[in-house]
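Everything below concerns the one structure shown next.
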Amino acid sequence: MNRPHRILLVAYFYPPMRIIGARRPHGLARWLRRRGHDVTVLTSIHSGDAGGDPSIPVVRTRDLLATRFNWRRQNLQVITGQRDGSWSPGPGVWGSVFVPDVQLLSWVPFAAAQSLRLHHRHHFDAVITTSPVESAHAVGFALSRAGVPWIADLRDGWCFENPRDPLPTRGQRWLDMAMERVTVRSADAVVTVSEPLSADLRRRYGVAVETITNGFDPDDLPVSRPAADGVSPGKFSLVHTGGLGHERTLKPVLEALARLHAADPGLPDRAELVLAGAQTEQERALYAEPRFAPFVRHLGFIAHDESMGLQRSADVLLLVTSGVRTGEATGKLFEYLAAGRPILVVGAGSAAADIVTGGRAGRVIPVRDTDAAERALQAMLASPPPAPPESAREPFAYPALAARYEQTIGRAIARAAGRRRG
């Protein structure tokens with residue numbers, strides 16, 4: 001292990017916010033601390049006011065999105081299970097105005113000021129800023145001007161394969177690319193979560209970029225418990241946990257089940273699609289269609305430990321990608337790997353597909369290809385696939401990822417020292 005460091009980890013999404021995007025910063029903070037480092041987390045009060053590992057110091061700053069100025073708070077409350085209902089995908093009005101995101105105004109001024117006060121008190125050896133949201137990297141930039149070595153951790157593409165809707169004007173797009181360029185070229189180390197994202201930044205900016213994937217926390221596994229209305233005994237259960245949003249759809253899988261049902265009227269007694277997580281109005285309408293309803297059971301939003309228990313009880317776990325981003329490998333994939341159940345990836349050509357096929361952890365089909373979905377489901381129903389080997393998940397546990405991140409932190413500190421000497 002390198003010598004212990006004092007590290008500030010800046011993350012907009014953090015527990016108790018119950019979305020998959022909060023798991024990476026929490027996992028890194030926990031396991032870097034267990035490796036002997038002094039880690040402080042800086043986040044938004046919008047993520048909640050308590051939660052996570054009590055041994056990790058967390059500073060939660062003011063955020064205008066946590067006030068009455070945010071008229072779309074209901075969306076977040078539905079996505080995180082704080083209230084029942086459906087949510088509307090797509091950006092709000094201000095999300096189409098501010099570059100790179102509205103948090104540049106609502107949160108970053110408070111976070112940047114607080115980060116400088118914390119540095120004055122703790123004298124950090126390094127700062128890690130992790131996105132989304134991309135404006136979080138402005139906090140790292142501010143600290144780097146104060147001499148703190150900076151690691152920029154990009155979990156989504158920024159100007160490459162960003163899942164947000166395109167910015168409407170040429171001026172906004174130019175400013176967005178300028179912000180990305182300053183971040184990538186100013187940081188002392190750059191990390192992404194998939195090789196296609198890393199390769200893009202290397203090609204466009206000629207900088208060293210390291211790929212450190214998302215992962216799973218082994219501490220979560222022993223406490224997972226079955227959902228109250230989990231899989232049905234005696235049925236072949238396809239399970240999907242988490243939201244889909246406007247980019248991803250289960251329709252090809254549903255169409256395939258409907259086709260198989262037409263050939264075998266007794267199929268609903270033998271197979272089911274179990275869903276857990278927030279849903280949009282469009283998804284609710286889709287699942288209620290008479291052709292699909294006999295197969296679908298939607299459990300609504302369930303607690304994280306129940307979700308992991310549901311994953312471990314599945315016959316097959318269903319991972320749906322957008323089909324338009326080669327770098328897509330969300331945190332959910334790694335929870336699926338931890339569950340030790342075979343995975344069906346809807347999204348050939350994605351980073352998620354490469355990980356699953358490389359680990360012999362399941363099967364991959366193209367996006368929006370009902371014929372391929374039908375063939376895959378027919379084969380699985382005839383002969384349920386085996387559990388993946390243990391080696392499929394081992395590289396993606398946060399203890400191993402934190403050890404790799406530790407090396408990156410050391411290199412960033414050395415690079416920053418070299419810059420100062422130069």
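Note on naming: chains are A, B, ... as they come in the structure tokens, residues start from 1 per chain, ligands start from 1 in the order shown.
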
Please provide as a PyMOL selection string all residues within 9 Å of A:Pro16, with the sequence filter that same-chain residues fewer than 2 positions apart are discarded (counting only C-alpha atoms).
chain A and resi 13-14+18-19+22+47-52

Please run DSSP on the backbone and report, as a PDB file with N, CA and C atoms, in the first residue's frame, all residues within stretch 29-278 of chain A that come out as strand (DSSP E or B).
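Generated file (selection_9.pdb):
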ATOM      1  N   ASP A  38      -7.382   8.766   4.845  1.00  0.00           N
ATOM      2  CA  ASP A  38      -8.313   9.647   5.541  1.00  0.00           C
ATOM      3  C   ASP A  38      -9.192  10.326   4.486  1.00  0.00           C
ATOM      4  N   VAL A  39     -10.406   9.811   4.310  1.00  0.00           N
ATOM      5  CA  VAL A  39     -11.286  10.274   3.237  1.00  0.00           C
ATOM      6  C   VAL A  39     -12.432  11.095   3.827  1.00  0.00           C
ATOM      7  N   THR A  40     -12.639  12.277   3.267  1.00  0.00           N
ATOM      8  CA  THR A  40     -13.803  13.107   3.569  1.00  0.00           C
ATOM      9  C   THR A  40     -14.629  13.235   2.293  1.00  0.00           C
ATOM     10  N   VAL A  41     -15.942  13.129   2.427  1.00  0.00           N
ATOM     11  CA  VAL A  41     -16.844  13.248   1.275  1.00  0.00           C
ATOM     12  C   VAL A  41     -17.538  14.594   1.320  1.00  0.00           C
ATOM     13  N   LEU A  42     -17.567  15.263   0.169  1.00  0.00           N
ATOM     14  CA  LEU A  42     -18.305  16.519   0.010  1.00  0.00           C
ATOM     15  C   LEU A  42     -19.428  16.278  -0.976  1.00  0.00           C
ATOM     16  N   THR A  43     -20.665  16.523  -0.538  1.00  0.00           N
ATOM     17  CA  THR A  43     -21.809  16.248  -1.397  1.00  0.00           C
ATOM     18  C   THR A  43     -22.864  17.328  -1.182  1.00  0.00           C
ATOM     19  N   SER A  44     -24.006  17.141  -1.824  1.00  0.00           N
ATOM     20  CA  SER A  44     -25.116  18.095  -1.740  1.00  0.00           C
ATOM     21  C   SER A  44     -26.137  17.633  -0.716  1.00  0.00           C
ATOM     22  N   VAL A  58     -18.833  13.051   6.219  1.00  0.00           N
ATOM     23  CA  VAL A  58     -19.563  13.560   5.058  1.00  0.00           C
ATOM     24  C   VAL A  58     -19.991  14.996   5.340  1.00  0.00           C
ATOM     25  N   VAL A  59     -19.644  15.894   4.429  1.00  0.00           N
ATOM     26  CA  VAL A  59     -20.043  17.294   4.520  1.00  0.00           C
ATOM     27  C   VAL A  59     -21.073  17.549   3.432  1.00  0.00           C
ATOM     28  N   ARG A  60     -22.270  17.981   3.833  1.00  0.00           N
ATOM     29  CA  ARG A  60     -23.368  18.194   2.886  1.00  0.00           C
ATOM     30  C   ARG A  60     -23.633  19.695   2.783  1.00  0.00           C
ATOM     31  N   THR A  61     -23.480  20.200   1.560  1.00  0.00           N
ATOM     32  CA  THR A  61     -23.567  21.641   1.372  1.00  0.00           C
ATOM     33  C   THR A  61     -24.942  22.052   0.861  1.00  0.00           C
ATOM     34  N   TRP A  87     -42.506   8.990 -13.065  1.00  0.00           N
ATOM     35  CA  TRP A  87     -41.677  10.171 -13.263  1.00  0.00           C
ATOM     36  C   TRP A  87     -41.556  10.482 -14.738  1.00  0.00           C
ATOM     37  N   ALA A 126      -5.021  15.079  -1.919  1.00  0.00           N
ATOM     38  CA  ALA A 126      -5.615  14.887  -3.253  1.00  0.00           C
ATOM     39  C   ALA A 126      -7.108  15.122  -3.170  1.00  0.00           C
ATOM     40  N   VAL A 127      -7.692  15.496  -4.296  1.00  0.00           N
ATOM     41  CA  VAL A 127      -9.136  15.598  -4.420  1.00  0.00           C
ATOM     42  C   VAL A 127      -9.580  14.741  -5.601  1.00  0.00           C
ATOM     43  N   ILE A 128     -10.659  13.989  -5.405  1.00  0.00           N
ATOM     44  CA  ILE A 128     -11.306  13.219  -6.470  1.00  0.00           C
ATOM     45  C   ILE A 128     -12.660  13.850  -6.720  1.00  0.00           C
ATOM     46  N   THR A 129     -12.928  14.247  -7.955  1.00  0.00           N
ATOM     47  CA  THR A 129     -14.267  14.716  -8.330  1.00  0.00           C
ATOM     48  C   THR A 129     -14.874  13.693  -9.273  1.00  0.00           C
ATOM     49  N   THR A 130     -16.097  13.275  -8.979  1.00  0.00           N
ATOM     50  CA  THR A 130     -16.720  12.229  -9.781  1.00  0.00           C
ATOM     51  C   THR A 130     -18.040  12.728 -10.358  1.00  0.00           C
ATOM     52  N   SER A 131     -18.242  12.481 -11.630  1.00  0.00           N
ATOM     53  CA  SER A 131     -19.479  12.905 -12.299  1.00  0.00           C
ATOM     54  C   SER A 131     -20.229  11.678 -12.803  1.00  0.00           C
ATOM     55  N   TRP A 150      -5.341  16.603  -8.365  1.00  0.00           N
ATOM     56  CA  TRP A 150      -6.750  16.419  -8.730  1.00  0.00           C
ATOM     57  C   TRP A 150      -6.917  15.211  -9.631  1.00  0.00           C
ATOM     58  N   ILE A 151      -7.851  14.324  -9.246  1.00  0.00           N
ATOM     59  CA  ILE A 151      -8.262  13.186 -10.082  1.00  0.00           C
ATOM     60  C   ILE A 151      -9.690  13.444 -10.553  1.00  0.00           C
ATOM     61  N   ALA A 152      -9.899  13.521 -11.860  1.00  0.00           N
ATOM     62  CA  ALA A 152     -11.230  13.697 -12.448  1.00  0.00           C
ATOM     63  C   ALA A 152     -11.767  12.338 -12.852  1.00  0.00           C
ATOM     64  N   ASP A 153     -12.871  11.943 -12.240  1.00  0.00           N
ATOM     65  CA  ASP A 153     -13.485  10.626 -12.423  1.00  0.00           C
ATOM     66  C   ASP A 153     -14.772  10.812 -13.224  1.00  0.00           C
ATOM     67  N   LEU A 154     -14.756  10.423 -14.508  1.00  0.00           N
ATOM     68  CA  LEU A 154     -15.898  10.637 -15.404  1.00  0.00           C
ATOM     69  C   LEU A 154     -16.647   9.322 -15.584  1.00  0.00           C
ATOM     70  N   ALA A 189      -4.854  13.394 -12.989  1.00  0.00           N
ATOM     71  CA  ALA A 189      -5.184  12.047 -13.455  1.00  0.00           C
ATOM     72  C   ALA A 189      -6.632  12.047 -13.896  1.00  0.00           C
ATOM     73  N   VAL A 190      -6.937  11.286 -14.943  1.00  0.00           N
ATOM     74  CA  VAL A 190      -8.293  11.171 -15.465  1.00  0.00           C
ATOM     75  C   VAL A 190      -8.679   9.699 -15.451  1.00  0.00           C
ATOM     76  N   VAL A 191      -9.869   9.413 -14.942  1.00  0.00           N
ATOM     77  CA  VAL A 191     -10.373   8.044 -14.842  1.00  0.00           C
ATOM     78  C   VAL A 191     -11.754   7.992 -15.491  1.00  0.00           C
ATOM     79  N   THR A 192     -12.023   6.933 -16.237  1.00  0.00           N
ATOM     80  CA  THR A 192     -13.386   6.663 -16.684  1.00  0.00           C
ATOM     81  C   THR A 192     -13.760   5.244 -16.275  1.00  0.00           C
ATOM     82  N   VAL A 209      -5.366   8.203 -19.729  1.00  0.00           N
ATOM     83  CA  VAL A 209      -6.665   7.988 -19.077  1.00  0.00           C
ATOM     84  C   VAL A 209      -6.716   6.545 -18.605  1.00  0.00           C
ATOM     85  N   GLU A 210      -7.131   6.341 -17.363  1.00  0.00           N
ATOM     86  CA  GLU A 210      -7.208   4.994 -16.816  1.00  0.00           C
ATOM     87  C   GLU A 210      -8.665   4.554 -16.715  1.00  0.00           C
ATOM     88  N   THR A 211      -8.903   3.302 -17.014  1.00  0.00           N
ATOM     89  CA  THR A 211     -10.240   2.727 -16.870  1.00  0.00           C
ATOM     90  C   THR A 211     -10.328   1.973 -15.552  1.00  0.00           C
ATOM     91  N   PHE A 216     -19.098  -3.545  -7.161  1.00  0.00           N
ATOM     92  CA  PHE A 216     -20.050  -3.884  -6.110  1.00  0.00           C
ATOM     93  C   PHE A 216     -19.310  -3.937  -4.782  1.00  0.00           C
ATOM     94  N   PHE A 236     -40.024 -19.738 -14.207  1.00  0.00           N
ATOM     95  CA  PHE A 236     -38.763 -19.201 -14.724  1.00  0.00           C
ATOM     96  C   PHE A 236     -38.854 -17.686 -14.634  1.00  0.00           C
ATOM     97  N   SER A 237     -37.953 -17.082 -13.865  1.00  0.00           N
ATOM     98  CA  SER A 237     -38.065 -15.656 -13.551  1.00  0.00           C
ATOM     99  C   SER A 237     -36.949 -14.852 -14.200  1.00  0.00           C
ATOM    100  N   LEU A 238     -37.350 -13.974 -15.110  1.00  0.00           N
ATOM    101  CA  LEU A 238     -36.482 -12.919 -15.613  1.00  0.00           C
ATOM    102  C   LEU A 238     -36.644 -11.729 -14.677  1.00  0.00           C
ATOM    103  N   VAL A 239     -35.544 -11.152 -14.198  1.00  0.00           N
ATOM    104  CA  VAL A 239     -35.624 -10.064 -13.226  1.00  0.00           C
ATOM    105  C   VAL A 239     -34.867  -8.855 -13.737  1.00  0.00           C
ATOM    106  N   HIS A 240     -35.509  -7.700 -13.630  1.00  0.00           N
ATOM    107  CA  HIS A 240     -34.847  -6.427 -13.919  1.00  0.00           C
ATOM    108  C   HIS A 240     -35.070  -5.507 -12.737  1.00  0.00           C
ATOM    109  N   THR A 241     -33.982  -4.935 -12.195  1.00  0.00           N
ATOM    110  CA  THR A 241     -34.097  -3.984 -11.098  1.00  0.00           C
ATOM    111  C   THR A 241     -33.597  -2.616 -11.549  1.00  0.00           C
ATOM    112  N   ALA A 271     -43.478 -18.830 -16.769  1.00  0.00           N
ATOM    113  CA  ALA A 271     -42.457 -17.786 -16.927  1.00  0.00           C
ATOM    114  C   ALA A 271     -43.025 -16.436 -16.513  1.00  0.00           C
ATOM    115  N   GLU A 272     -42.140 -15.579 -15.994  1.00  0.00           N
ATOM    116  CA  GLU A 272     -42.550 -14.241 -15.560  1.00  0.00           C
ATOM    117  C   GLU A 272     -41.394 -13.260 -15.739  1.00  0.00           C
ATOM    118  N   LEU A 273     -41.779 -11.990 -15.855  1.00  0.00           N
ATOM    119  CA  LEU A 273     -40.814 -10.892 -15.887  1.00  0.00           C
ATOM    120  C   LEU A 273     -41.082 -10.049 -14.651  1.00  0.00           C
ATOM    121  N   VAL A 274     -40.147 -10.067 -13.708  1.00  0.00           N
ATOM    122  CA  VAL A 274     -40.304  -9.358 -12.439  1.00  0.00           C
ATOM    123  C   VAL A 274     -39.495  -8.069 -12.496  1.00  0.00           C
ATOM    124  N   LEU A 275     -40.150  -6.945 -12.250  1.00  0.00           N
ATOM    125  CA  LEU A 275     -39.533  -5.631 -12.341  1.00  0.00           C
ATOM    126  C   LEU A 275     -39.580  -4.939 -10.985  1.00  0.00           C
ATOM    127  N   ALA A 276     -38.512  -4.247 -10.646  1.00  0.00           N
ATOM    128  CA  ALA A 276     -38.475  -3.459  -9.415  1.00  0.00           C
ATOM    129  C   ALA A 276     -37.797  -2.134  -9.713  1.00  0.00           C
TER     130      ALA A 276
END

Please determine, counting only C-alpha atoms, which residue among A:Ala278, A:Ala400, A:Val223, A:Ile355 has the shortest atom-to-atom distance to A:Asp305.
A:Val223

Atom CA of A:Glu281 to atom CA of A:Gly245: how many Å, to one decimal?
10.2 Å

Give me the residues within 9 Å of stretch 359-368 of chain A as a PyMOL selection string, counting only C-alpha atoms and dropping any in the same chain fewer than 6 places off.
chain A and resi 248-253+316+320-323+337+340-349+353+376+385-389+391-393

Please produce a file of the residues just selected, as a PDB file, in the first residue's frame, where the atoms kept are C-alpha atoms.
ATOM      1  CA  ARG A 248     -34.007   2.000 -22.739  1.00  0.00           C
ATOM      2  CA  THR A 249     -36.987  -0.248 -23.319  1.00  0.00           C
ATOM      3  CA  LEU A 250     -38.103  -3.763 -22.451  1.00  0.00           C
ATOM      4  CA  LYS A 251     -40.469  -3.896 -25.424  1.00  0.00           C
ATOM      5  CA  PRO A 252     -38.427  -6.406 -27.516  1.00  0.00           C
ATOM      6  CA  VAL A 253     -38.344  -8.807 -24.565  1.00  0.00           C
ATOM      7  CA  VAL A 316     -31.838 -14.756 -15.356  1.00  0.00           C
ATOM      8  CA  VAL A 320     -31.015  -3.290 -20.931  1.00  0.00           C
ATOM      9  CA  THR A 321     -28.749  -0.723 -22.591  1.00  0.00           C
ATOM     10  CA  SER A 322     -29.640   2.213 -24.802  1.00  0.00           C
ATOM     11  CA  GLY A 323     -27.960   0.742 -27.871  1.00  0.00           C
ATOM     12  CA  LEU A 337     -22.338  -9.950 -11.343  1.00  0.00           C
ATOM     13  CA  GLY A 340     -23.956 -14.759  -9.286  1.00  0.00           C
ATOM     14  CA  ARG A 341     -26.892 -15.286 -11.648  1.00  0.00           C
ATOM     15  CA  PRO A 342     -26.702 -15.487 -15.471  1.00  0.00           C
ATOM     16  CA  ILE A 343     -27.251 -12.182 -17.259  1.00  0.00           C
ATOM     17  CA  LEU A 344     -29.056 -11.450 -20.513  1.00  0.00           C
ATOM     18  CA  VAL A 345     -27.681  -8.198 -21.934  1.00  0.00           C
ATOM     19  CA  VAL A 346     -29.861  -6.346 -24.410  1.00  0.00           C
ATOM     20  CA  GLY A 347     -27.129  -4.331 -26.077  1.00  0.00           C
ATOM     21  CA  ALA A 348     -24.531  -5.999 -28.282  1.00  0.00           C
ATOM     22  CA  GLY A 349     -21.453  -3.836 -28.856  1.00  0.00           C
ATOM     23  CA  ALA A 353     -21.763  -6.755 -23.255  1.00  0.00           C
ATOM     24  CA  ALA A 376     -32.598 -16.301 -26.450  1.00  0.00           C
ATOM     25  CA  PRO A 385     -28.283 -21.245 -18.201  1.00  0.00           C
ATOM     26  CA  PRO A 386     -25.684 -22.082 -15.540  1.00  0.00           C
ATOM     27  CA  ALA A 387     -24.450 -19.643 -12.913  1.00  0.00           C
ATOM     28  CA  PRO A 388     -21.379 -17.610 -13.980  1.00  0.00           C
ATOM     29  CA  PRO A 389     -17.970 -18.610 -12.610  1.00  0.00           C
ATOM     30  CA  SER A 391     -13.981 -15.225 -11.663  1.00  0.00           C
ATOM     31  CA  ALA A 392     -16.664 -13.193 -13.468  1.00  0.00           C
ATOM     32  CA  ARG A 393     -17.162 -10.956 -10.448  1.00  0.00           C
TER      33      ARG A 393
END

Work out how far atom CA of A:Gln279 is from atom CA of A:Asp220, in Å to one decimal.
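Straight-line distance from atom CA of A:Asp220 to atom CA of A:Gln279 works out to 24.6 Å.
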
If you count only C-alpha atoms, which residues fall within 10 Å of stretch 156-169 of chain A, apart from same-chain ones fewer than 6 positions away, as a PyMOL selection string?
chain A and resi 90-91+95-101+130-134+176-181+192-194+196-198+200-201+247+322+324-330

For the residues selected in the previous step, produce a file with C-alpha atoms as a PDB file, in the first residue's frame.
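Wrote it out as part-v2.pdb, contents follow:
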ATOM      1  CA  GLY A  90     -35.902  14.513 -19.945  1.00  0.00           C
ATOM      2  CA  PRO A  91     -34.404  17.780 -18.703  1.00  0.00           C
ATOM      3  CA  GLY A  95     -31.329  21.859 -17.597  1.00  0.00           C
ATOM      4  CA  SER A  96     -31.498  23.082 -21.200  1.00  0.00           C
ATOM      5  CA  VAL A  97     -29.986  26.452 -20.311  1.00  0.00           C
ATOM      6  CA  PHE A  98     -27.022  25.927 -18.005  1.00  0.00           C
ATOM      7  CA  VAL A  99     -23.788  24.343 -19.223  1.00  0.00           C
ATOM      8  CA  PRO A 100     -22.847  21.693 -18.352  1.00  0.00           C
ATOM      9  CA  ASP A 101     -25.798  21.328 -15.947  1.00  0.00           C
ATOM     10  CA  THR A 130     -16.720  12.229  -9.781  1.00  0.00           C
ATOM     11  CA  SER A 131     -19.479  12.905 -12.299  1.00  0.00           C
ATOM     12  CA  PRO A 132     -22.348  12.995 -13.007  1.00  0.00           C
ATOM     13  CA  VAL A 133     -22.908  15.867 -12.588  1.00  0.00           C
ATOM     14  CA  GLU A 134     -20.136  17.249 -14.802  1.00  0.00           C
ATOM     15  CA  ASP A 176     -19.584  22.396 -22.994  1.00  0.00           C
ATOM     16  CA  MET A 177     -16.639  21.075 -25.015  1.00  0.00           C
ATOM     17  CA  ALA A 178     -14.398  23.829 -23.664  1.00  0.00           C
ATOM     18  CA  MET A 179     -15.280  22.820 -20.093  1.00  0.00           C
ATOM     19  CA  GLU A 180     -14.541  19.179 -20.876  1.00  0.00           C
ATOM     20  CA  ARG A 181     -11.199  20.132 -22.437  1.00  0.00           C
ATOM     21  CA  THR A 192     -13.386   6.663 -16.684  1.00  0.00           C
ATOM     22  CA  VAL A 193     -15.528   3.585 -16.038  1.00  0.00           C
ATOM     23  CA  SER A 194     -15.249   1.893 -19.448  1.00  0.00           C
ATOM     24  CA  PRO A 196     -14.549   3.170 -24.940  1.00  0.00           C
ATOM     25  CA  LEU A 197     -14.834   6.332 -22.817  1.00  0.00           C
ATOM     26  CA  SER A 198     -11.114   6.224 -21.999  1.00  0.00           C
ATOM     27  CA  ASP A 200     -12.184   8.627 -26.766  1.00  0.00           C
ATOM     28  CA  LEU A 201     -10.464  11.010 -24.339  1.00  0.00           C
ATOM     29  CA  GLU A 247     -33.577   5.659 -23.664  1.00  0.00           C
ATOM     30  CA  SER A 322     -29.640   2.213 -24.802  1.00  0.00           C
ATOM     31  CA  VAL A 324     -26.389   4.093 -28.757  1.00  0.00           C
ATOM     32  CA  ARG A 325     -23.434   4.282 -26.321  1.00  0.00           C
ATOM     33  CA  THR A 326     -20.504   1.911 -26.670  1.00  0.00           C
ATOM     34  CA  GLY A 327     -19.172   2.936 -23.253  1.00  0.00           C
ATOM     35  CA  GLU A 328     -22.316   1.980 -21.364  1.00  0.00           C
ATOM     36  CA  ALA A 329     -21.620  -0.221 -18.318  1.00  0.00           C
ATOM     37  CA  THR A 330     -23.740   1.057 -15.450  1.00  0.00           C
TER      38      THR A 330
END

I need the residue nearest A:Ser232 from this list: A:Glu283, A:Glu255, A:Asp269, A:Asp188. Use only C-alpha atoms for the distance.
A:Asp269
